[in-house]
file target25.txt (compact mmCIF, C-alpha atoms and all ligand atoms)
# COMPACT_ATOMS: atom_id res chain seq x y z
CA MET E 1 86.65 -17.79 -77.79
CA HIS E 2 83.51 -16.47 -76.11
CA ASN E 3 80.30 -17.19 -77.90
CA ALA E 4 77.57 -15.54 -75.88
CA CYS E 5 76.09 -12.35 -77.23
CA LEU E 6 76.69 -9.12 -75.38
CA ALA E 7 73.79 -7.32 -73.77
CA PRO E 8 74.11 -3.60 -73.00
CA SER E 9 74.25 -4.08 -69.23
CA TRP E 10 77.20 -6.44 -69.46
CA ILE E 11 79.55 -4.40 -71.49
CA ARG E 12 82.14 -2.04 -70.24
CA THR E 13 80.51 1.24 -69.34
CA GLU E 14 82.26 4.61 -69.39
CA LYS E 15 82.64 4.37 -65.64
CA MET E 16 84.48 1.08 -66.03
CA ALA E 17 86.42 1.82 -69.19
CA LYS E 18 89.79 1.60 -67.44
CA LYS E 19 92.09 -1.25 -68.26
CA VAL E 20 92.12 -3.98 -65.64
CA THR E 21 95.65 -4.34 -64.23
CA LYS E 22 95.22 -5.64 -60.69
CA ILE E 23 92.54 -8.11 -59.74
CA GLY E 24 91.24 -9.50 -56.48
CA VAL E 25 89.86 -12.98 -55.97
CA LEU E 26 87.72 -14.20 -53.09
CA THR E 27 85.53 -17.11 -52.05
CA SER E 28 82.26 -16.26 -50.34
CA GLY E 29 79.20 -17.94 -48.83
CA GLY E 30 79.08 -21.74 -48.62
CA ASP E 31 82.35 -23.54 -49.37
CA ALA E 32 82.58 -26.18 -52.07
CA PRO E 33 85.30 -28.61 -53.16
CA GLY E 34 87.05 -27.28 -56.26
CA MET E 35 87.20 -23.67 -55.07
CA ASN E 36 90.98 -24.04 -54.68
CA ALA E 37 91.36 -25.28 -58.25
CA CYS E 38 89.43 -22.20 -59.32
CA ILE E 39 91.55 -19.80 -57.26
CA ARG E 40 94.63 -21.37 -58.84
CA ALA E 41 93.21 -20.85 -62.33
CA VAL E 42 92.36 -17.20 -61.65
CA VAL E 43 95.81 -16.49 -60.20
CA ARG E 44 97.78 -18.21 -62.94
CA THR E 45 95.68 -16.87 -65.81
CA GLY E 46 96.00 -13.37 -64.35
CA ILE E 47 99.77 -13.67 -64.02
CA PHE E 48 99.98 -15.12 -67.55
CA HIS E 49 98.37 -11.91 -68.80
CA GLY E 50 100.70 -9.70 -66.77
CA LEU E 51 98.16 -8.81 -64.08
CA GLU E 52 98.83 -8.55 -60.40
CA VAL E 53 96.51 -10.85 -58.46
CA PHE E 54 95.46 -10.37 -54.84
CA GLY E 55 93.83 -12.97 -52.62
CA ILE E 56 91.13 -11.62 -50.32
CA THR E 57 90.64 -13.71 -47.19
CA ARG E 58 87.18 -14.58 -45.80
CA GLY E 59 85.14 -13.19 -48.67
CA TYR E 60 83.59 -9.77 -48.29
CA ALA E 61 84.63 -9.70 -44.61
CA GLY E 62 88.27 -9.68 -45.74
CA MET E 63 87.54 -6.88 -48.18
CA ILE E 64 86.15 -4.79 -45.31
CA ASP E 65 89.00 -5.74 -42.92
CA ASN E 66 91.68 -5.21 -45.59
CA ASP E 67 92.77 -8.82 -45.32
CA ILE E 68 94.28 -8.75 -48.80
CA GLN E 69 97.55 -10.25 -49.98
CA LYS E 70 99.34 -10.38 -53.27
CA LEU E 71 99.50 -13.90 -54.69
CA GLU E 72 102.22 -15.36 -56.86
CA SER E 73 102.08 -18.38 -59.07
CA ARG E 74 103.73 -20.37 -56.28
CA SER E 75 101.16 -19.23 -53.74
CA VAL E 76 98.67 -21.55 -55.42
CA ALA E 77 101.00 -24.52 -55.90
CA ASN E 78 99.80 -27.87 -54.60
CA ILE E 79 96.20 -26.81 -53.97
CA ILE E 80 94.37 -28.15 -57.03
CA GLN E 81 93.62 -31.40 -55.20
CA ARG E 82 92.57 -29.85 -51.90
CA GLY E 83 88.99 -29.36 -50.70
CA GLY E 84 87.90 -26.25 -48.80
CA THR E 85 89.35 -22.91 -49.79
CA ILE E 86 92.80 -21.53 -48.98
CA LEU E 87 91.23 -18.05 -48.99
CA LYS E 88 88.64 -19.16 -46.42
CA THR E 89 85.06 -18.06 -46.77
CA ALA E 90 82.56 -16.16 -44.66
CA ARG E 91 79.15 -14.61 -44.52
CA CYS E 92 79.41 -10.88 -43.92
CA LYS E 93 76.52 -8.78 -42.65
CA GLU E 94 78.48 -5.54 -42.88
CA PHE E 95 78.71 -5.91 -46.67
CA LEU E 96 74.93 -5.60 -46.79
CA THR E 97 75.31 -1.95 -45.74
CA PRO E 98 76.52 0.92 -47.98
CA GLU E 99 79.05 1.89 -45.27
CA GLY E 100 80.52 -1.62 -45.26
CA ARG E 101 80.82 -1.69 -49.03
CA LYS E 102 82.47 1.74 -49.00
CA LYS E 103 85.12 0.48 -46.59
CA ALA E 104 85.66 -2.52 -48.86
CA TYR E 105 86.02 -0.26 -51.89
CA LYS E 106 88.58 1.96 -50.15
CA ASN E 107 90.65 -1.09 -49.25
CA LEU E 108 90.59 -2.45 -52.80
CA LYS E 109 91.57 0.99 -54.09
CA SER E 110 94.47 1.19 -51.63
CA HIS E 111 95.92 -1.89 -53.35
CA GLY E 112 95.08 -0.54 -56.80
CA ILE E 113 92.67 -3.42 -57.45
CA ASN E 114 90.44 -2.62 -60.42
CA GLY E 115 88.75 -5.96 -61.12
CA LEU E 116 87.21 -8.61 -58.87
CA VAL E 117 86.47 -12.33 -59.20
CA VAL E 118 83.90 -13.67 -56.74
CA ILE E 119 83.61 -17.44 -56.33
CA GLY E 120 80.38 -18.25 -54.48
CA GLY E 121 76.64 -18.65 -54.70
CA ASP E 122 73.79 -16.38 -55.67
CA GLY E 123 74.02 -14.37 -52.44
CA SER E 124 77.65 -13.55 -53.21
CA PHE E 125 76.66 -12.55 -56.77
CA LYS E 126 74.00 -10.22 -55.41
CA GLY E 127 76.67 -8.54 -53.28
CA ALA E 128 79.02 -8.29 -56.29
CA GLN E 129 76.28 -6.81 -58.47
CA ILE E 130 75.43 -4.11 -55.93
CA PHE E 131 79.12 -3.37 -55.32
CA SER E 132 79.95 -2.97 -59.01
CA ASN E 133 76.92 -0.73 -59.52
CA GLU E 134 78.09 1.55 -56.71
CA PHE E 135 81.80 1.66 -57.53
CA ASP E 136 84.09 1.53 -60.54
CA ILE E 137 85.23 -2.06 -59.95
CA PRO E 138 83.92 -4.64 -62.42
CA CYS E 139 83.08 -8.05 -60.99
CA ILE E 140 82.89 -11.54 -62.42
CA GLY E 141 81.05 -14.31 -60.60
CA ILE E 142 81.96 -17.99 -60.65
CA PRO E 143 79.35 -20.46 -59.36
CA GLY E 144 80.75 -22.40 -56.42
CA THR E 145 78.06 -24.37 -54.62
CA ILE E 146 77.47 -28.05 -54.00
CA ASP E 147 73.74 -27.58 -54.65
CA LYS E 148 73.90 -26.93 -58.43
CA ASP E 149 70.91 -24.60 -58.23
CA ILE E 150 72.18 -21.51 -60.04
CA ALA E 151 70.57 -20.26 -63.25
CA GLY E 152 72.85 -19.95 -66.29
CA THR E 153 75.09 -22.96 -65.86
CA ASP E 154 74.84 -26.74 -66.16
CA PHE E 155 77.49 -27.21 -63.50
CA THR E 156 78.58 -25.54 -60.30
CA ILE E 157 81.91 -26.11 -58.64
CA GLY E 158 81.60 -28.74 -55.89
CA PHE E 159 78.43 -30.50 -57.00
CA ASP E 160 80.13 -33.47 -58.63
CA THR E 161 82.38 -34.03 -55.62
CA ALA E 162 79.45 -33.81 -53.20
CA VAL E 163 77.47 -36.36 -55.23
CA ASN E 164 80.42 -38.73 -55.35
CA THR E 165 80.96 -38.38 -51.61
CA ALA E 166 77.28 -39.19 -51.02
CA ILE E 167 77.50 -42.18 -53.36
CA GLU E 168 80.54 -43.56 -51.57
CA ALA E 169 78.78 -43.23 -48.22
CA ILE E 170 75.52 -44.76 -49.44
CA ASP E 171 77.38 -47.71 -50.97
CA LYS E 172 78.83 -48.41 -47.54
CA ILE E 173 75.44 -48.04 -45.93
CA ARG E 174 74.02 -50.51 -48.43
CA ASP E 175 76.54 -53.14 -47.30
CA THR E 176 75.41 -52.96 -43.71
CA ALA E 177 71.75 -52.60 -44.74
CA ASP E 178 72.11 -55.83 -46.70
CA ALA E 179 73.83 -57.67 -43.85
CA HIS E 180 70.98 -56.88 -41.44
CA ASP E 181 68.01 -56.64 -43.83
CA ARG E 182 67.48 -53.04 -42.89
CA LEU E 183 65.71 -50.08 -44.37
CA PHE E 184 68.01 -47.07 -44.41
CA ILE E 185 66.87 -43.51 -44.77
CA VAL E 186 69.80 -41.41 -45.94
CA GLU E 187 69.49 -37.66 -45.64
CA VAL E 188 71.72 -35.67 -47.97
CA MET E 189 72.32 -31.93 -48.27
CA GLY E 190 69.99 -29.73 -50.31
CA ARG E 191 67.82 -27.23 -48.46
CA ASP E 192 66.23 -25.90 -51.62
CA ALA E 193 67.54 -28.25 -54.28
CA GLY E 194 67.33 -31.99 -54.75
CA TYR E 195 70.18 -32.54 -57.20
CA ILE E 196 72.52 -34.24 -54.75
CA ALA E 197 69.65 -36.52 -53.67
CA LEU E 198 68.59 -37.27 -57.22
CA HIS E 199 72.05 -37.98 -58.62
CA SER E 200 73.29 -39.94 -55.62
CA GLY E 201 69.99 -41.82 -55.31
CA ILE E 202 70.01 -42.95 -58.93
CA GLY E 203 73.70 -43.76 -58.67
CA THR E 204 73.18 -46.03 -55.68
CA GLY E 205 69.94 -47.66 -56.76
CA ALA E 206 67.77 -46.04 -54.08
CA GLU E 207 64.19 -47.26 -53.86
CA HIS E 208 62.84 -43.76 -53.31
CA ILE E 209 64.25 -40.27 -53.69
CA LEU E 210 62.54 -37.34 -51.98
CA ILE E 211 63.37 -33.87 -53.28
CA PRO E 212 62.09 -30.33 -52.66
CA GLU E 213 61.26 -29.75 -56.34
CA LYS E 214 58.58 -32.44 -56.34
CA LYS E 215 55.74 -32.62 -53.80
CA THR E 216 56.31 -35.78 -51.80
CA ASP E 217 53.43 -38.23 -51.93
CA VAL E 218 54.27 -39.89 -48.64
CA GLU E 219 51.30 -42.28 -48.88
CA ALA E 220 52.68 -43.58 -52.16
CA VAL E 221 56.08 -44.12 -50.54
CA LEU E 222 54.45 -46.00 -47.65
CA ALA E 223 52.34 -48.12 -50.01
CA SER E 224 55.38 -49.05 -52.06
CA LEU E 225 57.39 -49.97 -48.94
CA GLN E 226 54.45 -51.97 -47.60
CA GLU E 227 54.31 -53.91 -50.83
CA LYS E 228 58.07 -54.54 -50.60
CA GLU E 229 57.78 -55.70 -47.01
CA LYS E 230 55.07 -58.20 -48.03
CA ARG E 231 57.37 -59.77 -50.59
CA LYS E 232 60.24 -59.69 -48.07
CA LYS E 233 62.31 -57.07 -49.87
CA LEU E 234 63.61 -55.66 -46.62
CA VAL E 235 66.80 -54.00 -47.80
CA ASN E 236 65.81 -50.59 -49.03
CA ILE E 237 67.51 -47.25 -49.37
CA VAL E 238 65.49 -44.06 -49.33
CA VAL E 239 67.43 -40.87 -50.10
CA VAL E 240 65.91 -37.67 -48.75
CA ALA E 241 67.09 -34.14 -49.47
CA GLU E 242 67.21 -32.21 -46.19
CA GLY E 243 64.78 -29.62 -47.59
CA ASP E 244 62.12 -32.02 -48.79
CA ASP E 245 58.62 -30.64 -48.26
CA PHE E 246 57.62 -33.65 -46.13
CA GLY E 247 60.54 -33.24 -43.74
CA GLY E 248 63.98 -34.70 -43.11
CA GLY E 249 65.20 -38.27 -42.68
CA ASN E 250 64.12 -38.54 -39.04
CA ASP E 251 60.56 -37.36 -39.80
CA LEU E 252 60.19 -39.99 -42.48
CA ALA E 253 61.65 -42.73 -40.27
CA GLU E 254 59.16 -41.90 -37.49
CA LEU E 255 56.24 -42.20 -39.86
CA ILE E 256 57.42 -45.49 -41.37
CA LYS E 257 58.05 -46.98 -37.91
CA GLU E 258 54.52 -46.09 -36.95
CA ARG E 259 52.85 -47.33 -40.09
CA ILE E 260 55.02 -50.33 -41.07
CA PRO E 261 56.48 -51.78 -37.86
CA GLY E 262 57.92 -54.75 -39.78
CA PHE E 263 60.88 -52.72 -41.01
CA ASP E 264 64.12 -52.45 -39.09
CA ILE E 265 64.89 -48.81 -39.82
CA ARG E 266 68.02 -46.71 -39.42
CA VAL E 267 68.65 -43.10 -40.37
CA ALA E 268 71.98 -41.77 -41.63
CA ILE E 269 72.42 -38.03 -41.99
CA LEU E 270 75.46 -37.48 -44.17
CA GLY E 271 75.91 -33.80 -43.24
CA HIS E 272 79.08 -31.84 -43.80
CA ILE E 273 81.22 -34.63 -45.21
CA GLN E 274 79.48 -33.70 -48.47
CA ARG E 275 81.21 -30.32 -48.45
CA GLY E 276 84.73 -31.57 -47.98
CA GLY E 277 87.27 -33.78 -49.67
CA SER E 278 89.46 -33.76 -52.71
CA PRO E 279 87.54 -32.48 -55.75
CA THR E 280 86.69 -34.92 -58.53
CA SER E 281 88.26 -34.60 -61.98
CA MET E 282 85.03 -32.99 -63.17
CA ASP E 283 85.11 -30.29 -60.49
CA ARG E 284 88.80 -29.60 -61.09
CA LEU E 285 88.14 -29.26 -64.81
CA ILE E 286 85.16 -26.91 -64.59
CA ALA E 287 86.87 -24.88 -61.85
CA SER E 288 89.93 -24.46 -64.08
CA ARG E 289 87.85 -23.53 -67.13
CA MET E 290 85.70 -21.06 -65.21
CA GLY E 291 88.66 -19.45 -63.42
CA TYR E 292 90.49 -18.99 -66.71
CA SER E 293 87.39 -17.62 -68.41
CA ALA E 294 86.66 -15.15 -65.58
CA VAL E 295 90.02 -13.45 -66.08
CA GLU E 296 89.56 -13.40 -69.85
CA CYS E 297 86.19 -11.73 -69.28
CA LEU E 298 87.72 -8.97 -67.18
CA LEU E 299 90.37 -8.36 -69.84
CA GLU E 300 87.82 -8.30 -72.66
CA GLY E 301 85.49 -5.94 -70.81
CA ARG E 302 82.75 -8.52 -70.46
CA ILE E 303 81.92 -7.49 -66.96
CA ASN E 304 79.36 -8.05 -64.22
CA VAL E 305 78.54 -11.51 -65.48
CA MET E 306 78.65 -14.97 -64.01
CA VAL E 307 80.77 -17.40 -65.95
CA GLY E 308 78.95 -20.69 -66.48
CA ILE E 309 79.08 -23.73 -68.71
CA VAL E 310 76.07 -24.65 -70.84
CA ASN E 311 76.21 -27.53 -73.33
CA ASN E 312 79.94 -27.73 -72.65
CA LYS E 313 80.55 -24.14 -73.82
CA MET E 314 81.31 -21.09 -71.73
CA HIS E 315 78.15 -19.13 -71.08
CA PHE E 316 77.77 -15.68 -69.52
CA THR E 317 74.83 -14.55 -67.44
CA PRO E 318 74.42 -11.00 -66.06
CA LEU E 319 75.04 -11.14 -62.32
CA ASP E 320 71.51 -10.00 -61.51
CA LYS E 321 70.12 -12.98 -63.46
CA ALA E 322 72.50 -15.49 -61.86
CA ILE E 323 70.06 -16.37 -59.15
CA LYS E 324 69.09 -19.48 -57.24
CA ALA E 325 66.92 -21.40 -59.65
CA LYS E 326 64.98 -24.57 -59.35
CA GLN E 327 65.73 -26.22 -62.65
CA ARG E 328 62.96 -28.46 -63.89
CA ILE E 329 63.56 -32.01 -62.74
CA SER E 330 63.13 -34.35 -65.67
CA GLU E 331 60.03 -36.55 -65.34
CA GLU E 332 62.01 -39.21 -67.18
CA TRP E 333 64.61 -39.31 -64.41
CA LEU E 334 61.88 -39.82 -61.83
CA LYS E 335 60.42 -42.61 -63.96
CA ILE E 336 63.85 -44.25 -64.12
CA VAL E 337 64.02 -44.25 -60.30
CA LYS E 338 60.65 -46.01 -60.09
CA ILE E 339 61.39 -48.64 -62.73
CA LEU E 340 64.90 -49.50 -61.54
CA ALA E 341 63.93 -49.77 -57.88
CA SER E 342 61.18 -52.35 -58.30
P1 LIG K 1 76.05 -17.78 -51.14
O1 LIG K 1 76.95 -16.90 -51.93
O2 LIG K 1 76.63 -19.15 -50.92
O3 LIG K 1 74.64 -17.77 -51.68
P2 LIG K 1 75.20 -16.02 -48.96
O4 LIG K 1 73.79 -15.90 -49.45
O5 LIG K 1 75.39 -16.21 -47.51
O6 LIG K 1 76.00 -17.21 -49.65
O7 LIG K 1 75.97 -14.69 -49.42
C1 LIG K 1 77.33 -14.52 -49.12
C2 LIG K 1 77.60 -13.08 -48.76
O8 LIG K 1 77.29 -12.23 -49.86
C3 LIG K 1 76.76 -12.51 -47.62
O9 LIG K 1 77.26 -12.87 -46.36
C4 LIG K 1 76.88 -11.03 -47.87
O10 LIG K 1 78.12 -10.54 -47.37
C5 LIG K 1 76.90 -10.95 -49.39
N1 LIG K 1 75.54 -10.60 -49.86
C6 LIG K 1 74.49 -11.43 -50.01
N2 LIG K 1 73.39 -10.75 -50.41
C7 LIG K 1 73.75 -9.45 -50.49
C8 LIG K 1 73.08 -8.22 -50.80
N3 LIG K 1 71.80 -8.20 -51.12
N4 LIG K 1 73.80 -7.07 -50.77
C9 LIG K 1 75.10 -7.08 -50.44
N5 LIG K 1 75.79 -8.19 -50.11
C10 LIG K 1 75.14 -9.35 -50.13
call {"tool": "encode", "arguments": {"input": "target25.txt", "output": "structure tokens", "more": "lines below"}}
Ligand code: ADP
result
Amino acid sequence: MHNACLAPSWIRTEKMAKKVTKIGVLTSGGDAPGMNACIRAVVRTGIFHGLEVFGITRGYAGMIDNDIQKLESRSVANIIQRGGTILKTARCKEFLTPEGRKKAYKNLKSHGINGLVVIGGDGSFKGAQIFSNEFDIPCIGIPGTIDKDIAGTDFTIGFDTAVNTAIEAIDKIRDTADAHDRLFIVEVMGRDAGYIALHSGIGTGAEHILIPEKKTDVEAVLASLQEKEKRKKLVNIVVVAEGDDFGGGNDLAELIKERIPGFDIRVAILGHIQRGGSPTSMDRLIASRMGYSAVECLLEGRINVMVGIVNNKMHFTPLDKAIKAKQRISEEWLKIVKILAS
């Protein structure tokens, strides 16, 4: 079923030639809706293949603290629709040290775990890569991040839900903006990536979308708003990614207030609601496909890769190449924003 070609660094090495019989699964770094659906897929696919599956609580911190429990098929019942992660997640400084990773290894060994599935972002993959290079435990990464900024996959678990949450919120904001003839600046998540801003902005008919991937021409934004004010188009939505090079929603509002006093401006910072909530059908589907595929990878000896989806097919990227990546934002998309918001 797998179609990607094997590169020498991905394949089972002598050191890792043992059959995988017991696997651990953890969620690490930033949480994202759909992680539970993915945990469920890993657990049930593992059990289907006769493996024992262990849940590791709080990511690498749980590996170091030996917070590891055997999971049964029923342990993951009734979680496919739940946001967050039943395994909890954490950032763990101790795992950055060789001593910390050694402790983690000893704990995995004490349970007989000989394969690991890490659901997280590029930081978690870096940790997994280093760990599997040091010890005889192969790792598979699954991209779980609302930001969608990982190389080697068209989708990451949580992105679709976060966009839909933002859209729902912006739709509501538009109602009140319309009632009062207000200009709303909506700040969405995305410190390094503008995908949530771009998708939710197009989906809600925003007049302007400010993203980190594209240098913001703030004078052009002001000129366009000025022109709109002149023709009494006072209801406007501007979506700003929190990491835009110009600044956040409040910075932009200050500048507009100063330069175009005619606008009645409000700022809405959507914040952490974008991380929570029941995952969309899309996130449940990709989480299930990726979780299933990760276990198949471990069984086939396709190790130390991140499982992704490219052109609707499973795609495997060596963990050291599964890094944060600014994908090129299509100029056509930006043109669409301009034309549709006139
Ligand atoms: P994300 O996976 O969402 O990118 P982080 O960057 O915070 O989140 O990484 C999650 C965890 O992965 C870190 O807290 C740390 O335990 C581990 N990690 C990250 N980078 C490394 C590294 N270079 N070496 C070892 N572990 C790492």
call {"tool": "closest_atom_pairs", "arguments": {"input": "target25.txt", "of": "chain E", "to": "ligand LIG 1 (chain K)", "cutoff": "9 Å", "atoms": "all atoms listed in the file", "output": "tab-separated table"}}
result
residue	atom	partner	partner_atom	distance
E:Thr27	CA	K:LIG1	O1	8.6
E:Ser28	CA	K:LIG1	C1	5.4
E:Gly29	CA	K:LIG1	O6	3.4
E:Gly30	CA	K:LIG1	O2	4.2
E:Asp31	CA	K:LIG1	O2	7.4
E:Gly59	CA	K:LIG1	C2	7.5
E:Tyr60	CA	K:LIG1	O10	5.6
E:Ala61	CA	K:LIG1	O10	7.1
E:Thr89	CA	K:LIG1	C1	8.8
E:Ala90	CA	K:LIG1	O9	6.5
E:Arg91	CA	K:LIG1	O9	3.2
E:Cys92	CA	K:LIG1	O10	3.7
E:Lys93	CA	K:LIG1	O10	5.3
E:Glu94	CA	K:LIG1	O10	6.7
E:Phe95	CA	K:LIG1	O10	4.7
E:Leu96	CA	K:LIG1	C9	3.9
E:Thr97	CA	K:LIG1	C9	7.0
E:Pro98	CA	K:LIG1	C9	8.5
E:Arg101	CA	K:LIG1	C9	8.0
E:Ile119	CA	K:LIG1	O1	8.0
E:Gly120	CA	K:LIG1	O1	4.5
E:Gly121	CA	K:LIG1	O1	3.3
E:Asp122	CA	K:LIG1	O3	4.3
E:Gly123	CA	K:LIG1	O4	3.4
E:Ser124	CA	K:LIG1	O8	3.6
E:Phe125	CA	K:LIG1	O1	6.5
E:Lys126	CA	K:LIG1	C7	5.0
E:Gly127	CA	K:LIG1	N5	3.3
E:Ala128	CA	K:LIG1	N5	7.0
E:Gln129	CA	K:LIG1	N4	8.1
E:Ile130	CA	K:LIG1	N4	6.2
E:Phe131	CA	K:LIG1	C9	7.3
E:Pro143	CA	K:LIG1	O1	8.6
E:Gly144	CA	K:LIG1	O2	7.6
E:Thr145	CA	K:LIG1	O2	6.6
E:Ile323	CA	K:LIG1	O3	8.9
E:Lys324	CA	K:LIG1	O3	8.0
call {"tool": "write_last_selection", "arguments": {"input": "target25.txt", "atoms": "C-alpha atoms", "output": "compact mmCIF listing (two decimals), keeping the file's coordinate frame"}}
result
# COMPACT_ATOMS: atom_id res chain seq x y z
CA THR E 27 85.53 -17.11 -52.05
CA SER E 28 82.26 -16.26 -50.34
CA GLY E 29 79.20 -17.94 -48.83
CA GLY E 30 79.08 -21.74 -48.62
CA ASP E 31 82.35 -23.54 -49.37
CA GLY E 59 85.14 -13.19 -48.67
CA TYR E 60 83.59 -9.77 -48.29
CA ALA E 61 84.63 -9.70 -44.61
CA THR E 89 85.06 -18.06 -46.77
CA ALA E 90 82.56 -16.16 -44.66
CA ARG E 91 79.15 -14.61 -44.52
CA CYS E 92 79.41 -10.88 -43.92
CA LYS E 93 76.52 -8.78 -42.65
CA GLU E 94 78.48 -5.54 -42.88
CA PHE E 95 78.71 -5.91 -46.67
CA LEU E 96 74.93 -5.60 -46.79
CA THR E 97 75.31 -1.95 -45.74
CA PRO E 98 76.52 0.92 -47.98
CA ARG E 101 80.82 -1.69 -49.03
CA ILE E 119 83.61 -17.44 -56.33
CA GLY E 120 80.38 -18.25 -54.48
CA GLY E 121 76.64 -18.65 -54.70
CA ASP E 122 73.79 -16.38 -55.67
CA GLY E 123 74.02 -14.37 -52.44
CA SER E 124 77.65 -13.55 -53.21
CA PHE E 125 76.66 -12.55 -56.77
CA LYS E 126 74.00 -10.22 -55.41
CA GLY E 127 76.67 -8.54 -53.28
CA ALA E 128 79.02 -8.29 -56.29
CA GLN E 129 76.28 -6.81 -58.47
CA ILE E 130 75.43 -4.11 -55.93
CA PHE E 131 79.12 -3.37 -55.32
CA PRO E 143 79.35 -20.46 -59.36
CA GLY E 144 80.75 -22.40 -56.42
CA THR E 145 78.06 -24.37 -54.62
CA ILE E 323 70.06 -16.37 -59.15
CA LYS E 324 69.09 -19.48 -57.24
call {"tool": "residues_around", "arguments": {"input": "target25.txt", "residues": "Leu51 of chain E", "least_positions_apart": "5", "cutoff": "6 Å", "atoms": "only C-alpha atoms", "output": "JSON, numbers by chain"}}
result
{"E": [21, 22, 46]}
call {"tool": "closest_residue", "arguments": {"input": "target25.txt", "among": "E:Met63, E:Gly112, E:Lys102, E:Ile157", "to": "Glu134 of chain E", "atoms": "only C-alpha atoms"}}
result
E:Lys102
call {"tool": "closest_residue", "arguments": {"input": "target25.txt", "among": "E:Ile286, E:Ser293, E:Ser330, E:Asn164", "to": "Ala37 of chain E", "atoms": "only C-alpha atoms"}}
result
E:Ile286
call {"tool": "closest_residue", "arguments": {"input": "target25.txt", "among": "E:Pro138, E:Gly248, E:Pro33, E:Gly152", "to": "Ile113 of chain E", "atoms": "all atoms listed in the file"}}
result
E:Pro138
call {"tool": "closest_residue", "arguments": {"input": "target25.txt", "among": "E:Gly34, E:Gly277, E:Gly141, E:Gly190", "to": "Thr153 of chain E", "atoms": "all atoms listed in the file"}}
result
E:Gly141
call {"tool": "atom_distance", "arguments": {"input": "target25.txt", "atom1": "atom CA of Gln274 of chain E", "atom2": "atom CA of Ile196 of chain E"}}
result
9.4 Å
call {"tool": "residues_near_point", "arguments": {"input": "target25.txt", "point": "(75.9, -37.5, -54.7)", "cutoff": "10 Å", "atoms": "only C-alpha atoms", "output": "ChimeraX atom specification"}}
result
/E:146,159-170,188-189,195-204,274
call {"tool": "closest_residue", "arguments": {"input": "target25.txt", "among": "E:Leu26, E:Ile265, E:Val307, E:Ile336", "to": "Val295 of chain E", "atoms": "all atoms listed in the file"}}
result
E:Val307
call {"tool": "atom_distance", "arguments": {"input": "target25.txt", "atom1": "atom CA of Thr176 of chain E", "atom2": "atom CA of Gly243 of chain E"}}
result
25.9 Å
call {"tool": "axis_aligned_box", "arguments": {"input": "target25.txt", "around": "segment 278-287 of chain E", "padding_each_side": "8 Å", "output": "AutoDock Vina command-line options"}}
result
--center_x 87.2 --center_y -29.9 --center_z -58.8 --size_x 20.4 --size_y 26.0 --size_z 28.1
call {"tool": "atom_distance", "arguments": {"input": "target25.txt", "atom1": "atom CA of Pro279 of chain E", "atom2": "atom CA of Gly194 of chain E"}}
result
20.2 Å
call {"tool": "residues_around", "arguments": {"input": "target25.txt", "residues": "Leu299 of chain E", "least_positions_apart": "2", "cutoff": "9 Å", "atoms": "all atoms listed in the file", "output": "count of residues only"}}
result
11
call {"tool": "closest_residue", "arguments": {"input": "target25.txt", "among": "E:Met35, E:Leu108, E:Leu334, E:Val310", "to": "Leu87 of chain E", "atoms": "only C-alpha atoms"}}
result
E:Met35
call {"tool": "residues_near_point", "arguments": {"input": "target25.txt", "point": "(95.2, -24.7, -50.2)", "cutoff": "12 Å", "atoms": "all atoms listed in the file", "output": "list in words"}}
result
Pro33, Gly34, Met35, Asn36, Ala37, Cys38, Ile39, Arg40, Arg74, Ser75, Val76, Ala77, Asn78, Ile79, Ile80, Gln81, Arg82, Gly83, Gly84, Thr85, Ile86, Leu87, Lys88 and Ser278 of chain E
call {"tool": "residues_around", "arguments": {"input": "target25.txt", "residues": "Ile329 of chain E", "least_positions_apart": "2", "cutoff": "9 Å", "atoms": "all atoms listed in the file", "output": "PyMOL selection string"}}
result
chain E and resi 194-195+213-214+326-327+331-334
